[in-house]
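Participant: Questions regarding the structure given below will be posed in turn.
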Amino acid sequence: MLLAAGCATQQRPVIQPPPVIQPPVIQQPPVIQQPPVNQQPSGLSDTPKSQINKDRDRDLSECERESAFAGAGDKRQAFDKCMKARGY
């Protein structure tokens, strides 16, 4: 009996592969494509009124500044020429 107990086969230990470690998934926000600058967006108005007013005010200021450097009699003509060149 003793002999039979010594001949019994031993089970091998189960070897498990190491766990697979995956890097965390980083979610990026969706990319929103803007239309190119030279293309007009479709709609009724391509420029809001507030932007038109800001552009006009800027043009007025720049033309006033330019006309200030003109001679005494030429200030009005310089201002008119500057505004005309800007499309007003």
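Residue numbering restarts at 1 in every chain; chains get A, B, ... in the order shown in the structure tokens, and ligands count up from 1 in that same order.
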Using only C-alpha atoms, determine which residues lie at most 12 Å from Asp57 of chain A, disregarding the query and same-chain residues fewer than 6 positions distant; provide the list as a short mmCIF file (atom, residue, chain, number, x, y, z; two decimals) with N, CA and C atoms, in the first residue's frame.
Facilitator:
```cif
data_model
loop_
_atom_site.label_atom_id
_atom_site.label_comp_id
_atom_site.auth_asym_id
_atom_site.auth_seq_id
_atom_site.Cartn_x
_atom_site.Cartn_y
_atom_site.Cartn_z
N SER A 50 -23.03 94.31 -36.56
CA SER A 50 -22.07 94.85 -35.60
C SER A 50 -20.66 94.86 -36.19
N GLN A 51 -20.32 93.83 -36.99
CA GLN A 51 -19.00 93.80 -37.61
C GLN A 51 -18.87 94.87 -38.69
N CYS A 63 -9.13 107.18 -41.73
CA CYS A 63 -9.18 108.26 -42.72
C CYS A 63 -9.07 109.63 -42.06
N GLU A 64 -9.66 109.78 -40.88
CA GLU A 64 -9.50 111.04 -40.14
C GLU A 64 -8.03 111.26 -39.78
N MET A 83 -11.94 107.60 -47.87
CA MET A 83 -13.20 106.85 -47.70
C MET A 83 -13.65 106.24 -49.02
N ARG A 86 -11.91 103.10 -49.74
CA ARG A 86 -12.37 102.00 -48.89
C ARG A 86 -13.80 101.55 -49.24
N TYR A 88 -16.68 103.62 -49.51
CA TYR A 88 -17.80 104.36 -48.91
C TYR A 88 -18.19 105.52 -49.77
#
```
Participant: Set the distance at 12 Å and use only C-alpha atoms: which residues neighbour Gly87 of chain A once local chain neighbours fewer than 5 positions away are removed? I'd like the list as a CSV table (one decimal) with N, CA and C atoms, in the first residue's frame.
Facilitator:
```csv
chain,number,residue,atom,x,y,z
A,55,ASP,N,-16.1,97.8,-38.7
A,55,ASP,CA,-15.2,98.1,-39.8
A,55,ASP,C,-15.4,99.5,-40.3
A,56,ARG,N,-16.6,100.0,-40.3
A,56,ARG,CA,-16.8,101.4,-40.8
A,56,ARG,C,-16.2,102.4,-39.8
A,59,ASP,N,-12.5,102.4,-40.3
A,59,ASP,CA,-12.1,103.1,-41.5
A,59,ASP,C,-12.3,104.6,-41.3
A,60,LEU,N,-13.3,105.1,-40.6
A,60,LEU,CA,-13.5,106.5,-40.4
A,60,LEU,C,-12.3,107.0,-39.6
A,80,ASP,N,-12.2,112.5,-48.0
A,80,ASP,CA,-13.1,111.9,-49.0
A,80,ASP,C,-12.4,110.9,-49.9
A,81,LYS,N,-11.1,111.2,-50.3
A,81,LYS,CA,-10.4,110.2,-51.1
A,81,LYS,C,-10.1,108.9,-50.4
A,82,CYS,N,-9.8,109.0,-49.1
A,82,CYS,CA,-9.5,107.8,-48.3
A,82,CYS,C,-10.8,107.0,-48.2
```
Participant: Mind giving me the straight-line distance from atom CA of Glu62 of chain A to atom CA of Ala78 of chain A in Å, one decimal?
Facilitator: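 We find that atom CA of Glu62 of chain A and atom CA of Ala78 of chain A lie 11.4 Å from each other.
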Participant: One decimal, Å: what's the distance from atom CA of Glu66 of chain A over to atom CA of Ala85 of chain A, could you say?
Facilitator: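 Between these atoms lies a distance of 12.6 Å.
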